[in-house]
Amino acid sequence: MDLLFQSLELPPFWRKRRLYFSPEDLGWLTTLTPMRKVAASQPELIIQICGRPFSSDNGDLIDAVVPFMGESITDGTLAKFLKNPGDGVEVDEPIAQIETDKVTVDVASPEAGVIQKFVAKEGDTVEPGTKIAVISKPEGGVAHVAPSENISGKAASQPSHPTEKTEEDKQTPKVEITPMTDKPKEYSLSPPKRSAIEPQLPPKERERRVPMTRIRKRVATRLKDSQNTYAMLTTFNEVDMTNLMKLRSDYKDTFVDKHGVKLGLMSGFVKAAVSGLQNQPIINAVIDGDDIIYRDYIDISIAVGTPKGLVVPVVRNADKMNFAQIEKEINTLAKRANDGSLSIDEMAGGSFTISNGGVYGSLLSTPIINPPQSAILGMHSIVSRPMVVGGNVVPRPMMYIALTYDHRLIDGREAVFFLCRIKDVVEDPRRLLLDI
């Protein structure tokens, strides 16, 4: 039987594998050898020799694929594997993490079993449905061995055919055709001499090259697009935080007892921004081609810095929420942002953004507009400064605020009026109650 299989002059790639030939294939194969009559007279014999299926159809091997990651996400980067080949996994247990432009998605095991192998590498770009691992279901507590391992083991135990040796002998001289003895002489191992005026750069050993994460690349692209698209201009003002801080100090315990959340400064600025957007609707609008879209809703995006990058979750319908509801929503979104569990829907949309660089100690900045919005409010650190109040110089907790806006749509008049409204409401929160 082996002699009959060897007599077929097949390429070396086919001879090293067990192949399955259909009856139609036999007619073509037998034309390649003088033994056509012998092969044609014994088709069943050839099928018995070469007809072992490569993969099992009993469902023991299961593919772990990349799940659906959202309507606007077409691919992601395989950030890391959470398991190793040979590890046991349970149903729905995460085995890998896919990093997208906005969120990190877990790839869960579809069945309980043992990880046979990984078919993708960390750093690869993968799409929904891409196979990244093969999992074997245990049968009687013993995991199956992958078909490739069985084949390689049997191939190692069988002696090589004479024809294989002949082919290898023929191919061996072709690898060493060009001698390499004279080439090293063309290059000098000594470093080139530097001129006196050439700057001395630090050695490459003191540098590290790290690939950018998907979130960082997405943030970089969006911010650069914002600079290239908008005619951005920033206007500034300063706010006396005395009354808002006193309000929080007087009612912080009562607020926590009733609502179960601390009263912060962010809710006061959100309410002030809502009042400013209602007074100046153009700040809440956006340019779309040759048209202006006025939004009759107010969704406030809150910029949150995380170890993986900047994310901007959205507080929906902020104009219909009170202080307690705003504080609860901001706390929930901030925790999910730091945990990396924000969904796409929680970051989509938004008509206006508030960025608080003061939590990091920023005294003054010019924030960049978050597309496709038209303006962004920047908060900064609170610093006690001497101010003139009633003809006297007294220390006051002061904060610089900045509004960056799209000058194509928003004139300086509307931008200044908006920022002054923020200042008036924060300095005297009673205006919210009286709507003045």
# chains A, B, ... in the order shown; residues from 1 in each chain; ligands from 1
$ closest_atom_pairs --of "range 295-332 of chain A" --to "range 269-275 of chain A" --cutoff "12 Å" --atoms "only C-alpha atoms" --output "CSV"
residue,atom,partner,partner_atom,distance
A:Asp296,CA,A:Val274,CA,11.9
A:Tyr297,CA,A:Val274,CA,10.0
A:Ile298,CA,A:Val274,CA,7.1
A:Asp299,CA,A:Val274,CA,9.1
A:Ile300,CA,A:Val270,CA,7.5
A:Ser301,CA,A:Val270,CA,9.8
A:Ile302,CA,A:Val270,CA,9.4
A:Val314,CA,A:Val270,CA,11.8
A:Val315,CA,A:Val270,CA,9.6
A:Arg316,CA,A:Val270,CA,11.7
A:Asn317,CA,A:Val274,CA,9.8
A:Ala318,CA,A:Val274,CA,7.2
A:Asp319,CA,A:Val274,CA,5.9
A:Lys320,CA,A:Val274,CA,9.6
A:Met321,CA,A:Lys271,CA,8.7
A:Asn322,CA,A:Lys271,CA,8.1
A:Phe323,CA,A:Lys271,CA,7.7
A:Ala324,CA,A:Lys271,CA,11.3
A:Gln325,CA,A:Lys271,CA,11.3
A:Ile326,CA,A:Val270,CA,7.9
A:Glu327,CA,A:Val270,CA,9.7
A:Glu329,CA,A:Val270,CA,11.7
A:Ile330,CA,A:Val270,CA,10.3
$ residues_around --residues "range 113-116 of chain A" --least-positions-apart "3" --cutoff "9 Å" --atoms "only C-alpha atoms" --output "VMD selection string"
chain A and resid 61 83 to 91 109 133 to 138 143 to 146
$ write_last_selection --atoms "N, CA and C atoms" --output "PDB file, in the first residue's frame"
ATOM      1  N   LEU A  61     -14.248  20.279  19.624  1.00  0.00           N
ATOM      2  CA  LEU A  61     -13.511  21.528  19.555  1.00  0.00           C
ATOM      3  C   LEU A  61     -14.471  22.677  19.275  1.00  0.00           C
ATOM      4  N   LYS A  83      -6.118  34.103  29.905  1.00  0.00           N
ATOM      5  CA  LYS A  83      -5.815  32.701  30.179  1.00  0.00           C
ATOM      6  C   LYS A  83      -4.642  32.262  29.319  1.00  0.00           C
ATOM      7  N   ASN A  84      -4.127  31.067  29.619  1.00  0.00           N
ATOM      8  CA  ASN A  84      -3.040  30.471  28.853  1.00  0.00           C
ATOM      9  C   ASN A  84      -3.499  29.149  28.254  1.00  0.00           C
ATOM     10  N   PRO A  85      -2.866  28.706  27.162  1.00  0.00           N
ATOM     11  CA  PRO A  85      -3.212  27.386  26.627  1.00  0.00           C
ATOM     12  C   PRO A  85      -3.021  26.299  27.680  1.00  0.00           C
ATOM     13  N   GLY A  86      -4.008  25.438  27.797  1.00  0.00           N
ATOM     14  CA  GLY A  86      -3.989  24.395  28.810  1.00  0.00           C
ATOM     15  C   GLY A  86      -4.806  24.726  30.040  1.00  0.00           C
ATOM     16  N   ASP A  87      -5.202  25.986  30.205  1.00  0.00           N
ATOM     17  CA  ASP A  87      -6.022  26.378  31.356  1.00  0.00           C
ATOM     18  C   ASP A  87      -7.470  25.956  31.139  1.00  0.00           C
ATOM     19  N   GLY A  88      -8.111  25.576  32.221  1.00  0.00           N
ATOM     20  CA  GLY A  88      -9.532  25.262  32.181  1.00  0.00           C
ATOM     21  C   GLY A  88     -10.370  26.525  32.298  1.00  0.00           C
ATOM     22  N   VAL A  89     -11.484  26.554  31.616  1.00  0.00           N
ATOM     23  CA  VAL A  89     -12.380  27.714  31.643  1.00  0.00           C
ATOM     24  C   VAL A  89     -13.806  27.228  31.839  1.00  0.00           C
ATOM     25  N   GLU A  90     -14.624  28.099  32.419  1.00  0.00           N
ATOM     26  CA  GLU A  90     -16.038  27.842  32.596  1.00  0.00           C
ATOM     27  C   GLU A  90     -16.832  28.582  31.525  1.00  0.00           C
ATOM     28  N   VAL A  91     -18.119  28.289  31.478  1.00  0.00           N
ATOM     29  CA  VAL A  91     -18.992  28.960  30.516  1.00  0.00           C
ATOM     30  C   VAL A  91     -19.056  30.453  30.851  1.00  0.00           C
ATOM     31  N   SER A 109     -15.772  32.564  27.092  1.00  0.00           N
ATOM     32  CA  SER A 109     -15.729  31.196  26.600  1.00  0.00           C
ATOM     33  C   SER A 109     -17.152  30.706  26.325  1.00  0.00           C
ATOM     34  N   ALA A 133      -9.401  31.724  19.640  1.00  0.00           N
ATOM     35  CA  ALA A 133      -8.943  30.587  20.442  1.00  0.00           C
ATOM     36  C   ALA A 133      -9.774  29.359  20.112  1.00  0.00           C
ATOM     37  N   VAL A 134      -9.202  28.201  20.416  1.00  0.00           N
ATOM     38  CA  VAL A 134      -9.880  26.912  20.249  1.00  0.00           C
ATOM     39  C   VAL A 134      -9.975  26.258  21.613  1.00  0.00           C
ATOM     40  N   ILE A 135     -11.192  25.849  21.971  1.00  0.00           N
ATOM     41  CA  ILE A 135     -11.464  25.256  23.280  1.00  0.00           C
ATOM     42  C   ILE A 135     -11.986  23.846  23.065  1.00  0.00           C
ATOM     43  N   SER A 136     -11.439  22.895  23.823  1.00  0.00           N
ATOM     44  CA  SER A 136     -11.885  21.505  23.736  1.00  0.00           C
ATOM     45  C   SER A 136     -12.774  21.193  24.927  1.00  0.00           C
ATOM     46  N   LYS A 137     -13.907  20.568  24.638  1.00  0.00           N
ATOM     47  CA  LYS A 137     -14.803  20.145  25.702  1.00  0.00           C
ATOM     48  C   LYS A 137     -14.283  18.844  26.304  1.00  0.00           C
ATOM     49  N   PRO A 138     -14.142  18.776  27.618  1.00  0.00           N
ATOM     50  CA  PRO A 138     -13.630  17.543  28.231  1.00  0.00           C
ATOM     51  C   PRO A 138     -14.660  16.424  28.146  1.00  0.00           C
ATOM     52  N   ALA A 143      -9.355  16.086  28.491  1.00  0.00           N
ATOM     53  CA  ALA A 143      -9.481  16.968  27.342  1.00  0.00           C
ATOM     54  C   ALA A 143      -8.883  16.299  26.120  1.00  0.00           C
ATOM     55  N   HIS A 144      -9.479  16.528  24.956  1.00  0.00           N
ATOM     56  CA  HIS A 144      -8.978  15.985  23.715  1.00  0.00           C
ATOM     57  C   HIS A 144      -7.759  16.743  23.251  1.00  0.00           C
ATOM     58  N   VAL A 145      -6.925  16.040  22.524  1.00  0.00           N
ATOM     59  CA  VAL A 145      -5.746  16.653  21.958  1.00  0.00           C
ATOM     60  C   VAL A 145      -6.116  17.183  20.585  1.00  0.00           C
ATOM     61  N   ALA A 146      -5.600  18.331  20.248  1.00  0.00           N
ATOM     62  CA  ALA A 146      -5.915  18.935  18.964  1.00  0.00           C
ATOM     63  C   ALA A 146      -5.478  18.031  17.830  1.00  0.00           C
TER      64      ALA A 146
END
$ residues_around --residues "Arg431 in chain A" --least-positions-apart "2" --cutoff "12 Å" --atoms "only C-alpha atoms" --output "list in words"
Asn243, Leu244, Gly268, Lys271, Ala272, Ser275, Arg421, Ile422, Lys423, Asp424, Val425, Val426, Glu427, Asp428, Pro429, Leu433, Leu434, Asp435 and Ile436 of chain A
$ write_last_selection --atoms "C-alpha atoms" --output "short mmCIF file (atom, residue, chain, number, x, y, z; two decimals), in the first residue's frame"
data_model
loop_
_atom_site.label_atom_id
_atom_site.label_comp_id
_atom_site.auth_asym_id
_atom_site.auth_seq_id
_atom_site.Cartn_x
_atom_site.Cartn_y
_atom_site.Cartn_z
CA ASN A 243 -21.84 81.23 48.26
CA LEU A 244 -21.81 77.86 46.48
CA GLY A 268 -24.01 73.42 40.72
CA LYS A 271 -27.38 73.51 36.72
CA ALA A 272 -25.65 76.78 35.83
CA SER A 275 -29.52 77.86 32.67
CA ARG A 421 -24.74 83.61 33.23
CA ILE A 422 -22.56 80.81 34.63
CA LYS A 423 -20.84 83.34 36.88
CA ASP A 424 -24.13 84.85 38.13
CA VAL A 425 -25.74 81.50 39.00
CA VAL A 426 -22.68 80.05 40.74
CA GLU A 427 -22.08 83.18 42.76
CA ASP A 428 -25.77 83.37 43.77
CA PRO A 429 -27.50 79.96 43.53
CA LEU A 433 -35.05 79.19 42.53
CA LEU A 434 -36.34 82.56 41.34
CA ASP A 435 -35.49 81.97 37.65
CA ILE A 436 -33.76 85.33 37.33
#
$ atom_distance --atom1 "CA of Arg248 in chain A" --atom2 "CA of Leu419 in chain A"
22.2 Å
$ closest_residue --among "A:Gly412, A:Gly276, A:Gly289, A:Gly340" --to "Thr100 in chain A" --atoms "only C-alpha atoms"
A:Gly340
$ closest_residue --among "A:Glu346, A:Asp288, A:Glu71, A:Glu207" --to "Pro371 in chain A" --atoms "only C-alpha atoms"
A:Asp288
$ atom_distance --atom1 "CA of Met398 in chain A" --atom2 "CA of Val359 in chain A"
14.4 Å
$ closest_residue --among "A:Asp60, A:Glu111, A:Asp250, A:Glu122" --to "Lys80 in chain A" --atoms "only C-alpha atoms"
A:Glu122
$ residues_around --residues "Ala402 in chain A" --least-positions-apart "5" --cutoff "9 Å" --atoms "only C-alpha atoms" --output "list in words"
Thr234, Thr235, Phe236, Asn237, Glu238, Leu364, Ser365, Thr366, Pro367, Ile376, Leu377, Gly378, Met379, His380 and Leu419 of chain A
$ select_by_dssp --residues "range 178-372 of chain A" --states "strand (DSSP E or B)" --output "PyMOL selection string"
chain A and resi 232-240+286-288+291-293+300-302+304-306+309-311+314-315+352-356
$ closest_residue --among "A:Asp406, A:Leu432, A:Met69, A:Ile401" --to "Val239 in chain A" --atoms "only C-alpha atoms"
A:Ile401
$ atom_distance --atom1 "CA of Ala231 in chain A" --atom2 "CA of Arg408 in chain A"
6.0 Å
$ residues_around --residues "Phe68 in chain A" --least-positions-apart "2" --cutoff "7 Å" --atoms "only C-alpha atoms" --output "PyMOL selection string"
chain A and resi 66+70+128
$ closest_residue --among "A:Ile132, A:Ile382, A:Leu78, A:Val105" --to "Ile62 in chain A" --atoms "only C-alpha atoms"
A:Ile132
$ decode --residues "range 341-367 of chain A" --atoms "N, CA, C and O atoms" --output "short mmCIF file (atom, residue, chain, number, x, y, z; two decimals), in the first residue's frame"
data_model
loop_
_atom_site.label_atom_id
_atom_site.label_comp_id
_atom_site.auth_asym_id
_atom_site.auth_seq_id
_atom_site.Cartn_x
_atom_site.Cartn_y
_atom_site.Cartn_z
N SER A 341 -16.16 49.97 32.36
CA SER A 341 -17.40 49.26 32.02
C SER A 341 -18.44 50.15 31.37
O SER A 341 -19.61 49.78 31.32
N LEU A 342 -18.04 51.33 30.88
CA LEU A 342 -19.00 52.19 30.19
C LEU A 342 -19.40 51.58 28.87
O LEU A 342 -18.59 50.97 28.16
N SER A 343 -20.67 51.72 28.52
CA SER A 343 -21.16 51.23 27.24
C SER A 343 -21.08 52.33 26.19
O SER A 343 -20.87 53.51 26.50
N ILE A 344 -21.27 51.95 24.94
CA ILE A 344 -21.24 52.92 23.86
C ILE A 344 -22.36 53.93 24.00
O ILE A 344 -22.18 55.14 23.79
N ASP A 345 -23.54 53.46 24.40
CA ASP A 345 -24.69 54.36 24.53
C ASP A 345 -24.47 55.42 25.60
O ASP A 345 -24.98 56.53 25.49
N GLU A 346 -23.71 55.08 26.64
CA GLU A 346 -23.48 56.04 27.72
C GLU A 346 -22.50 57.15 27.33
O GLU A 346 -22.39 58.14 28.03
N MET A 347 -21.80 56.97 26.21
CA MET A 347 -20.87 58.00 25.76
C MET A 347 -21.28 58.64 24.45
O MET A 347 -20.60 59.56 23.98
N ALA A 348 -22.35 58.17 23.84
CA ALA A 348 -22.78 58.70 22.56
C ALA A 348 -23.61 59.96 22.76
O ALA A 348 -24.33 60.11 23.75
N GLY A 349 -23.52 60.87 21.79
CA GLY A 349 -24.32 62.09 21.84
C GLY A 349 -23.70 63.14 22.73
O GLY A 349 -22.49 63.24 22.89
N GLY A 350 -24.56 63.92 23.35
CA GLY A 350 -24.10 65.04 24.16
C GLY A 350 -24.15 66.33 23.36
O GLY A 350 -23.74 66.37 22.19
N SER A 351 -24.68 67.39 23.95
CA SER A 351 -24.80 68.67 23.25
C SER A 351 -23.86 69.74 23.82
O SER A 351 -23.66 70.77 23.18
N PHE A 352 -23.27 69.50 24.99
CA PHE A 352 -22.36 70.46 25.61
C PHE A 352 -21.49 69.70 26.60
O PHE A 352 -21.94 68.73 27.22
N THR A 353 -20.23 70.12 26.75
CA THR A 353 -19.28 69.39 27.60
C THR A 353 -18.75 70.30 28.70
O THR A 353 -18.51 71.49 28.48
N ILE A 354 -18.57 69.69 29.89
CA ILE A 354 -17.92 70.36 31.02
C ILE A 354 -16.67 69.56 31.38
O ILE A 354 -16.74 68.35 31.60
N SER A 355 -15.53 70.23 31.43
CA SER A 355 -14.26 69.60 31.78
C SER A 355 -13.71 70.27 33.03
O SER A 355 -13.55 71.50 33.05
N ASN A 356 -13.43 69.50 34.06
CA ASN A 356 -12.96 70.04 35.33
C ASN A 356 -11.49 69.68 35.53
O ASN A 356 -11.14 68.66 36.12
N GLY A 357 -10.62 70.54 35.01
CA GLY A 357 -9.19 70.33 35.23
C GLY A 357 -8.73 70.75 36.60
O GLY A 357 -7.59 70.48 36.98
N GLY A 358 -9.62 71.37 37.38
CA GLY A 358 -9.24 71.80 38.71
C GLY A 358 -8.96 70.66 39.67
O GLY A 358 -8.21 70.83 40.63
N VAL A 359 -9.54 69.49 39.42
CA VAL A 359 -9.29 68.34 40.29
C VAL A 359 -7.83 67.91 40.21
O VAL A 359 -7.33 67.23 41.12
N TYR A 360 -7.11 68.28 39.14
CA TYR A 360 -5.70 67.96 39.00
C TYR A 360 -4.80 69.15 39.35
O TYR A 360 -3.58 69.04 39.24
N GLY A 361 -5.43 70.30 39.72
CA GLY A 361 -4.65 71.46 40.09
C GLY A 361 -4.45 72.47 38.99
O GLY A 361 -3.64 73.40 39.15
N SER A 362 -5.17 72.34 37.87
CA SER A 362 -5.01 73.28 36.77
C SER A 362 -5.58 74.65 37.16
O SER A 362 -6.72 74.75 37.61
N LEU A 363 -4.79 75.69 36.95
CA LEU A 363 -5.22 77.05 37.28
C LEU A 363 -5.94 77.70 36.11
O LEU A 363 -6.90 78.45 36.30
N LEU A 364 -5.51 77.39 34.88
CA LEU A 364 -6.10 78.02 33.70
C LEU A 364 -5.77 77.17 32.48
O LEU A 364 -4.66 76.63 32.38
N SER A 365 -6.72 77.06 31.56
CA SER A 365 -6.50 76.25 30.36
C SER A 365 -7.46 76.71 29.27
O SER A 365 -8.41 77.47 29.53
N THR A 366 -7.22 76.23 28.05
CA THR A 366 -8.12 76.48 26.92
C THR A 366 -8.59 75.12 26.41
O THR A 366 -7.91 74.48 25.61
N PRO A 367 -9.72 74.63 26.87
CA PRO A 367 -10.19 73.30 26.46
C PRO A 367 -10.52 73.24 24.97
O PRO A 367 -10.79 74.26 24.34
#
